[in-house]
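Notes follow once the structure below has been shown.
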Amino acid sequence: GDSLGGRSWLGLSLLFFGSGLGYLAALPYEGVEANETYAASLLRVRRGSLRSLLSNLVSLQSPITLGVPVLVFALYFVLQILFPETTVELVNSLSDSVLRGMGPVLLGAVLLAVAYCAVLLLSSWGDVKLGGDDVEPTYTYPTYFSLVFTAGIAAGIVFWGPAEALFHYRQPPPYFDVPARSDAAVGAALVYALFHWGLSAWSAYAVLGIPIAYFVFERGAPLRGSSILTPFLGADSLDSPWSQFVDTLAVFATIGGIATSIALVSQQFLTGVEFQWGVPPGGVGPVLFVGGLAAVFVLSAVSGLHRGIRRIAGLNVVLFGLFGVLLFAVGPRGFVVDRGTEAVGAYLLYFLPMSLFSSGSWVTEWTVWNWAWWFSWAPFAGLFLAALSRGRRIRTIVLTSVGATSAATGAWFLVFGGTSLSMQRSGTTDVLAAIEARGGSEAVAGYPILSALPLGDLLLFLFLALIVVFIVTSADTSTLIAALLASRRGIAPSRGTIALWGGVQGSVALAVILVGGGETLQALAVLTGAPFAVLAVVAMIGLSLALYREERGQGHTSLVRLVLDRLPDIQTHHDVEPPDREK
């Protein structure tokens, strides 16, 4: 073992794990056509000359939706190479101005999204079944949840699980006005971790995804982000400049958000490995890591939704649940249960005032930035949610995409965040000191915690596996959605098109590694959250108008009525004599 060295073992381990994911994606399934061999179905995109392949790819793409994002990314990296300091300063200044100026809009849009999801859940509109009453869902519910959950959240949840509560513990949110590193700061830290990753965040996806799903399956609109404009333009007029603008912005937000996440998560992964085992990645390590990730998620995306994307999403959820159960079993269970229960109660109690709290730079740097980031991911996550939801009732979509997903992320932050706070306060390990020693990076927060627990080696392995699988499940989905958005209307994306957009995503991530400026490009991608927050409000208005006009009087039942109808009947029999009180 010593003769190979740490880098060799790390490379072999990643090669083994990545190959396993690729093999899982490429395995055949019953849906392969009987008259076509499996090899032929895999190699179809390799037929013909390279010139004809490229010609077909370009002809099937919308030139604006394909060209504009690629040109913007190319221009950004050229400026980053020639004028790095000026580019960083310009983007950061623009980002700061937008987040401060649009802060009230983002806060209001998120709160409105939560309220709107509650209306869809409780009202008779929630009873609408997309595609008609006779249509059955394509996927079982566990598969549906797995796909929705893993597409909408990347490896950031793995890093921020132990870190965010600690950051709020060190610098408490001003809303609660409690001393730093105090017992009261523990509760405030957990509440705000729930707030930033809970109902508000996931509602941003639902209020774009549900309108798209309704107009696609009920009005015949194309499966793309611009379908939210159907009530205003009509399903047959979605080739207007406004529609192209929405789809182009969605492609830029998708590629920018996921590609920068791939690059930053890769660097964080290798930083954590170096921190834990003293294995420096070197100059070529991050490039190899990103290249390996790109190979896996492109193969997964090309293999299709039924094979790679579905299977790796299922594996992701299994690893996620297994890690959470093991961590809870070996961690400080009493602290997690007691403080977690208090945090959930406080979260529900203070949800509305926290949503309206807007004063101070802390809110801009944390809450507003988070809402912008979630909205920047909403185009591809919402569109993917819409694609999966045929045959589902609107009420079920809300319960899954907002309720179940929020419960999963909330449990993660309570268990992992509660464990990190308990170990920090008890002195078992000084996680904040480890973070500060690495320049404030959240990437190292999980390692000292897991190393100090029983079954630490197993937990560390699962921790690293989760990072890889989470980023693959988001990247393969975003690759598929980008290919769908950029294809001409009425044309399904081919394997070659999907591979093309996977290559674009991987190239942007590699450029971030080689050129730098990942956090700056991330800030640029976050800026798209502001226009999509406005578009989310437009989508809610459009869906409300459509539901009011077309679903009124159709016999739909509200959730309240369903519950009341299932309660046992209480009948009063007046002909029965009252009991003898003396007896």
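Labels for the structure tokens follow display order: chains A, B, ..., residues from 1 in each chain, ligands from 1.
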
List the spatial neighbours of stretch 477-485 of chain A as a PyMOL selection string - criterion: any atom at most 10 Å away, only C-alpha atoms, same-chain residues fewer than 6 positions off excluded. chain A and resi 61-62+65-66+147+150-152+222-226+244+246-248+250-255+257-259+297-298+300-302+304-305+309-310+313+377+379-381+383-384+387+491-506

Using only C-alpha atoms, which of the listed residues (A:Leu385, A:Val148, A:Ala525, A:Leu15) sits closest to A:Tyr76? A:Ala525

A:Leu71, A:Leu388, A:Val273, A:Leu466: which is nearest A:Gly156, counting only C-alpha atoms? A:Leu466

Polymer residues at most 8 Å from A:Tyr447, only C-alpha atoms, same-chain spacing of 4 or more positions, as a ChimeraX atom specification: /A:272,276,451,460

List the neighbours of A:Val78 out to 12 Å using only C-alpha atoms; skip same-chain residues closer than 3 positions along the sequence, and give me the result as a short mmCIF file (atom, residue, chain, number, x, y, z; two decimals) with N, CA and C atoms, in the first residue's frame.
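Writing done, so here's around.cif:
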```cif
data_model
loop_
_atom_site.label_atom_id
_atom_site.label_comp_id
_atom_site.auth_asym_id
_atom_site.auth_seq_id
_atom_site.Cartn_x
_atom_site.Cartn_y
_atom_site.Cartn_z
N LEU A 71 -21.82 31.63 -26.23
CA LEU A 71 -21.06 32.88 -26.41
C LEU A 71 -20.84 33.61 -25.09
N VAL A 72 -21.83 33.61 -24.22
CA VAL A 72 -21.68 34.29 -22.92
C VAL A 72 -20.60 33.62 -22.09
N PHE A 73 -20.62 32.28 -22.05
CA PHE A 73 -19.60 31.57 -21.29
C PHE A 73 -18.21 31.79 -21.88
N ALA A 74 -18.12 31.75 -23.21
CA ALA A 74 -16.83 31.97 -23.86
C ALA A 74 -16.32 33.38 -23.56
N LEU A 75 -17.20 34.37 -23.65
CA LEU A 75 -16.79 35.74 -23.37
C LEU A 75 -16.35 35.90 -21.92
N ILE A 81 -9.50 35.51 -18.26
CA ILE A 81 -8.08 35.30 -18.56
C ILE A 81 -7.36 36.63 -18.75
N LEU A 82 -7.98 37.55 -19.50
CA LEU A 82 -7.31 38.81 -19.84
C LEU A 82 -7.38 39.83 -18.70
N PHE A 83 -8.53 39.93 -18.06
CA PHE A 83 -8.73 40.94 -17.01
C PHE A 83 -9.35 40.30 -15.78
N PRO A 84 -8.63 39.44 -15.08
CA PRO A 84 -9.25 38.68 -13.97
C PRO A 84 -9.76 39.56 -12.85
N THR A 87 -12.82 41.63 -13.98
CA THR A 87 -14.01 40.79 -14.17
C THR A 87 -14.63 40.42 -12.84
N ALA A 511 -13.16 24.58 -17.48
CA ALA A 511 -12.65 25.93 -17.64
C ALA A 511 -12.57 26.65 -16.30
N VAL A 512 -13.55 26.41 -15.45
CA VAL A 512 -13.51 27.01 -14.10
C VAL A 512 -12.29 26.49 -13.34
N VAL A 515 -9.06 28.00 -15.46
CA VAL A 515 -8.96 29.47 -15.56
C VAL A 515 -9.21 30.12 -14.21
N GLY A 516 -10.08 29.51 -13.40
CA GLY A 516 -10.46 30.11 -12.13
C GLY A 516 -11.74 30.91 -12.28
N GLY A 517 -12.10 31.59 -11.22
CA GLY A 517 -13.30 32.43 -11.27
C GLY A 517 -14.58 31.67 -11.05
#
```

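Between A:Leu356 and the candidates A:Val158, A:Leu107, A:Leu60, A:Leu24, the tightest atom-to-atom separation, counting only C-alpha atoms, involves A:Leu107.
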
Residue neighbourhood A:Phe328, 10 Å, only C-alpha atoms, exclusion window fewer than 6 positions, as JSON, numbers by chain: {"A": [322, 334, 336, 337, 412, 414, 415, 416, 418, 419]}

Which of stretch 217-393 of chain A fall in helix (DSSP H, G or I), as JSON, numbers by chain: {"A": [217, 218, 219, 225, 226, 227, 228, 229, 230, 231, 232, 233, 235, 236, 237, 241, 242, 243, 244, 245, 246, 247, 248, 249, 250, 251, 252, 253, 254, 255, 256, 257, 258, 259, 260, 261, 262, 263, 264, 265, 266, 267, 268, 269, 270, 271, 272, 273, 274, 275, 276, 277, 285, 286, 287, 288, 289, 290, 291, 292, 293, 294, 295, 296, 297, 298, 299, 300, 301, 302, 303, 305, 306, 307, 308, 309, 310, 311, 312, 313, 314, 315, 316, 317, 318, 319, 320, 321, 322, 323, 324, 325, 326, 327, 328, 329, 330, 333, 334, 335, 336, 337, 338, 339, 340, 341, 342, 343, 344, 345, 346, 347, 348, 349, 350, 351, 352, 353, 354, 355, 356, 361, 362, 363, 364, 365, 366, 367, 368, 369, 370, 371, 372, 373, 374, 375, 376, 377, 378, 379, 380, 381, 382, 383, 384, 385, 386, 387, 388]}

Write a file of the selected residues as a compact mmCIF listing (two decimals), in the first residue's frame, keeping C-alpha atoms.
```txt
# COMPACT_ATOMS: atom_id res chain seq x y z
CA PHE A 217 -50.57 18.00 -20.31
CA GLU A 218 -53.82 19.97 -20.36
CA ARG A 219 -53.26 22.58 -23.06
CA GLY A 225 -39.81 26.73 -19.57
CA SER A 226 -41.57 29.22 -21.82
CA SER A 227 -44.79 27.20 -21.47
CA ILE A 228 -45.61 29.33 -18.43
CA LEU A 229 -46.53 32.04 -20.97
CA THR A 230 -49.29 29.86 -22.50
CA PRO A 231 -52.21 31.77 -20.88
CA PHE A 232 -50.89 35.03 -22.32
CA LEU A 233 -49.55 33.95 -25.73
CA ALA A 235 -49.97 27.25 -26.90
CA ASP A 236 -49.44 27.79 -30.64
CA SER A 237 -47.58 31.08 -30.26
CA PRO A 241 -39.01 36.45 -28.84
CA TRP A 242 -40.30 36.40 -25.27
CA SER A 243 -40.45 32.60 -25.30
CA GLN A 244 -36.96 32.34 -26.75
CA PHE A 245 -35.69 34.74 -24.10
CA VAL A 246 -37.15 32.62 -21.29
CA ASP A 247 -35.72 29.37 -22.71
CA THR A 248 -32.31 30.91 -23.41
CA LEU A 249 -32.12 32.35 -19.91
CA ALA A 250 -33.13 28.93 -18.56
CA VAL A 251 -30.30 27.22 -20.45
CA PHE A 252 -27.77 29.76 -19.20
CA ALA A 253 -28.99 29.41 -15.60
CA THR A 254 -28.94 25.62 -15.84
CA ILE A 255 -25.46 25.29 -17.33
CA GLY A 256 -24.01 28.08 -15.21
CA GLY A 257 -25.47 26.78 -11.97
CA ILE A 258 -24.64 23.10 -12.44
CA ALA A 259 -21.24 23.56 -14.10
CA THR A 260 -19.98 25.86 -11.37
CA SER A 261 -21.34 23.43 -8.78
CA ILE A 262 -19.42 20.59 -10.45
CA ALA A 263 -16.20 22.61 -10.37
CA LEU A 264 -16.60 23.95 -6.84
CA VAL A 265 -17.76 20.62 -5.40
CA SER A 266 -14.81 18.88 -7.06
CA GLN A 267 -12.40 21.31 -5.43
CA GLN A 268 -14.18 20.92 -2.09
CA PHE A 269 -14.08 17.12 -2.37
CA LEU A 270 -10.32 17.11 -2.96
CA THR A 271 -9.78 19.75 -0.26
CA GLY A 272 -11.57 17.50 2.22
CA VAL A 273 -9.52 14.47 1.17
CA GLU A 274 -6.32 16.46 1.63
CA PHE A 275 -7.51 17.68 5.04
CA GLN A 276 -8.46 14.19 6.23
CA TRP A 277 -5.70 12.02 4.77
CA GLY A 285 -6.10 16.10 -9.81
CA PRO A 286 -9.09 18.47 -10.11
CA VAL A 287 -9.03 18.18 -13.91
CA LEU A 288 -9.12 14.38 -13.73
CA PHE A 289 -11.87 14.47 -11.12
CA VAL A 290 -14.08 16.80 -13.18
CA GLY A 291 -13.37 14.78 -16.31
CA GLY A 292 -14.39 11.59 -14.56
CA LEU A 293 -17.59 13.15 -13.25
CA ALA A 294 -18.40 14.45 -16.74
CA ALA A 295 -17.94 10.98 -18.23
CA VAL A 296 -20.32 9.46 -15.69
CA PHE A 297 -23.10 12.06 -15.90
CA VAL A 298 -22.95 12.21 -19.72
CA LEU A 299 -23.27 8.42 -19.89
CA SER A 300 -26.13 8.56 -17.40
CA ALA A 301 -27.94 11.29 -19.36
CA VAL A 302 -27.42 9.55 -22.72
CA SER A 303 -28.66 6.24 -21.31
CA LEU A 305 -34.39 8.64 -17.86
CA HIS A 306 -35.44 5.01 -17.40
CA ARG A 307 -31.88 3.70 -17.04
CA GLY A 308 -29.05 5.84 -15.70
CA ILE A 309 -30.94 8.81 -14.30
CA ARG A 310 -33.56 6.69 -12.52
CA ARG A 311 -31.13 4.12 -11.14
CA ILE A 312 -28.49 6.53 -9.87
CA ALA A 313 -31.24 8.65 -8.29
CA GLY A 314 -32.48 5.56 -6.46
CA LEU A 315 -28.95 4.76 -5.30
CA ASN A 316 -28.59 8.35 -4.14
CA VAL A 317 -31.68 8.19 -1.95
CA VAL A 318 -30.60 4.85 -0.46
CA LEU A 319 -27.13 6.19 0.43
CA PHE A 320 -28.70 9.39 1.77
CA GLY A 321 -31.06 7.50 4.05
CA LEU A 322 -28.43 4.97 5.16
CA PHE A 323 -25.97 7.70 6.07
CA GLY A 324 -28.62 9.65 8.00
CA VAL A 325 -29.74 6.59 9.98
CA LEU A 326 -26.16 5.58 10.86
CA LEU A 327 -25.22 9.12 11.86
CA PHE A 328 -28.27 9.39 14.09
CA ALA A 329 -27.55 5.97 15.63
CA VAL A 330 -23.92 6.71 16.59
CA ARG A 333 -29.24 11.28 19.76
CA GLY A 334 -30.59 13.01 22.86
CA PHE A 335 -29.23 16.39 21.80
CA VAL A 336 -30.45 15.95 18.22
CA VAL A 337 -33.97 14.94 19.28
CA ASP A 338 -34.38 17.61 21.98
CA ARG A 339 -32.93 20.53 20.07
CA GLY A 340 -34.34 19.35 16.77
CA THR A 341 -37.88 19.20 18.14
CA GLU A 342 -37.51 22.70 19.56
CA ALA A 343 -36.13 23.94 16.23
CA VAL A 344 -39.04 22.52 14.23
CA GLY A 345 -41.52 24.20 16.58
CA ALA A 346 -39.70 27.52 16.39
CA TYR A 347 -39.43 27.23 12.59
CA LEU A 348 -43.18 26.85 12.25
CA LEU A 349 -43.85 29.57 14.82
CA TYR A 350 -41.51 32.17 13.36
CA PHE A 351 -41.79 31.21 9.69
CA LEU A 352 -43.82 34.23 8.62
CA PRO A 353 -41.82 36.92 10.48
CA MET A 354 -38.53 35.35 9.30
CA SER A 355 -39.85 35.42 5.74
CA LEU A 356 -40.64 39.14 6.06
CA SER A 361 -26.50 42.83 5.26
CA TRP A 362 -26.79 39.39 6.89
CA VAL A 363 -30.17 38.83 5.27
CA THR A 364 -28.77 39.82 1.87
CA GLU A 365 -25.71 37.60 2.20
CA TRP A 366 -27.61 34.57 3.45
CA THR A 367 -31.38 34.57 2.88
CA VAL A 368 -31.63 36.67 -0.29
CA TRP A 369 -28.62 34.92 -1.82
CA ASN A 370 -30.19 31.52 -1.04
CA TRP A 371 -33.51 32.47 -2.60
CA ALA A 372 -31.75 33.75 -5.73
CA TRP A 373 -29.76 30.52 -5.94
CA TRP A 374 -32.87 28.33 -5.60
CA PHE A 375 -34.71 30.36 -8.24
CA SER A 376 -31.71 30.09 -10.60
CA TRP A 377 -32.06 26.30 -10.38
CA ALA A 378 -35.85 26.44 -10.74
CA PRO A 379 -35.95 26.38 -14.59
CA PHE A 380 -34.40 22.94 -14.97
CA ALA A 381 -35.69 21.49 -11.68
CA GLY A 382 -39.21 22.76 -12.38
CA LEU A 383 -39.16 21.51 -15.96
CA PHE A 384 -37.97 18.09 -14.83
CA LEU A 385 -40.70 18.03 -12.18
CA ALA A 386 -43.24 18.82 -14.89
CA ALA A 387 -41.95 16.05 -17.16
CA LEU A 388 -42.35 13.47 -14.39
```
